[in-house]
Amino acid sequence: MFMTGTGIITSIFVLLLAATAAWAFGDVTIYQLMPGPPTNVIATAGNGEATVSFKPPKSDGGSPISRYTVTSHPGNITASGKQSPITIKGLTNGITYTFTVTASNSVGGTRVSWESGDVTPKAE
């Protein structure tokens, strides 16, 4: 089936242009992608905080990961760092939380990881 349309024609043109540039200039990276989501998210509760550990994504999308961001549920409290584990502060003792993690590189952020198991911060 033959399809026409400005979007399709533009996409084909861009692909041909990129392929031509790669051929003309040699080893050229055409596409860089966002990294995949971190895996094995595990949270450990503390006093008004939680420490969240995780494994890096299987793919960095072709660009090194520059930051991981942990988000609490509920509350959407965030903390960032360059590697696992990351401690997220400002949680309310006695409230049950789960956490998700995203990875970011120069292209952008990932899909959200699976949630951690439930943890409940408490005073020690």
# chains A, B, ... in the order shown; residues from 1 in each chain; ligands from 1
>>> residues_around(residues="Glu49 in chain A", least_positions_apart="3", cutoff="12 Å", atoms="only C-alpha atoms", output="list in words")
Ala43, Thr44, Ala45, Gly46, Val52, Ser72, Ile77, Thr78, Ala79, Ile86, Thr87, Ile88, Lys89, Gly90, Leu91, Thr92, Asn93, Gly94, Ile95, Thr96, Tyr97, Thr98, Phe99, Val119, Thr120, Pro121, Lys122, Ala123 and Glu124 of chain A
>>> closest_atom_pairs(of="range 33-79 of chain A", to="range 106-115 of chain A", cutoff="7 Å", atoms="only C-alpha atoms", output="CSV")
residue,atom,partner,partner_atom,distance
A:Leu33,CA,A:Val107,CA,6.3
A:Met34,CA,A:Val107,CA,5.5
A:Pro35,CA,A:Thr110,CA,5.6
A:Gly36,CA,A:Thr110,CA,5.7
A:Pro37,CA,A:Ser113,CA,5.1
A:Pro38,CA,A:Ser113,CA,5.6
A:Thr39,CA,A:Ser113,CA,6.3
A:Val41,CA,A:Glu115,CA,6.8
A:Ser63,CA,A:Ser106,CA,6.6
>>> atom_distance(atom1="CA of Gln83 in chain A", atom2="CA of Asn47 in chain A")
21.9 Å
>>> residues_around(residues="Asn105 in chain A", least_positions_apart="3", cutoff="6 Å", atoms="only C-alpha atoms", output="list in words")
Pro64, Ile65, Ser66 and Gly108 of chain A
>>> write_last_selection(atoms="C-alpha atoms", output="PDB file, in the first residue's frame")
ATOM      1  CA  PRO A  64      26.429   7.964  29.582  1.00  0.00           C
ATOM      2  CA  ILE A  65      23.878   8.304  32.379  1.00  0.00           C
ATOM      3  CA  SER A  66      24.392  11.600  34.168  1.00  0.00           C
ATOM      4  CA  GLY A 108      16.571  12.964  28.276  1.00  0.00           C
TER       5      GLY A 108
END
>>> closest_residue(among="A:Pro56, A:Ala50, A:Asp118, A:Gly81", to="Tyr68 in chain A", atoms="only C-alpha atoms")
A:Gly81
>>> atom_distance(atom1="CA of Arg67 in chain A", atom2="CA of Gly117 in chain A")
22.4 Å
>>> atom_distance(atom1="CA of Ser116 in chain A", atom2="CA of Pro57 in chain A")
15.4 Å
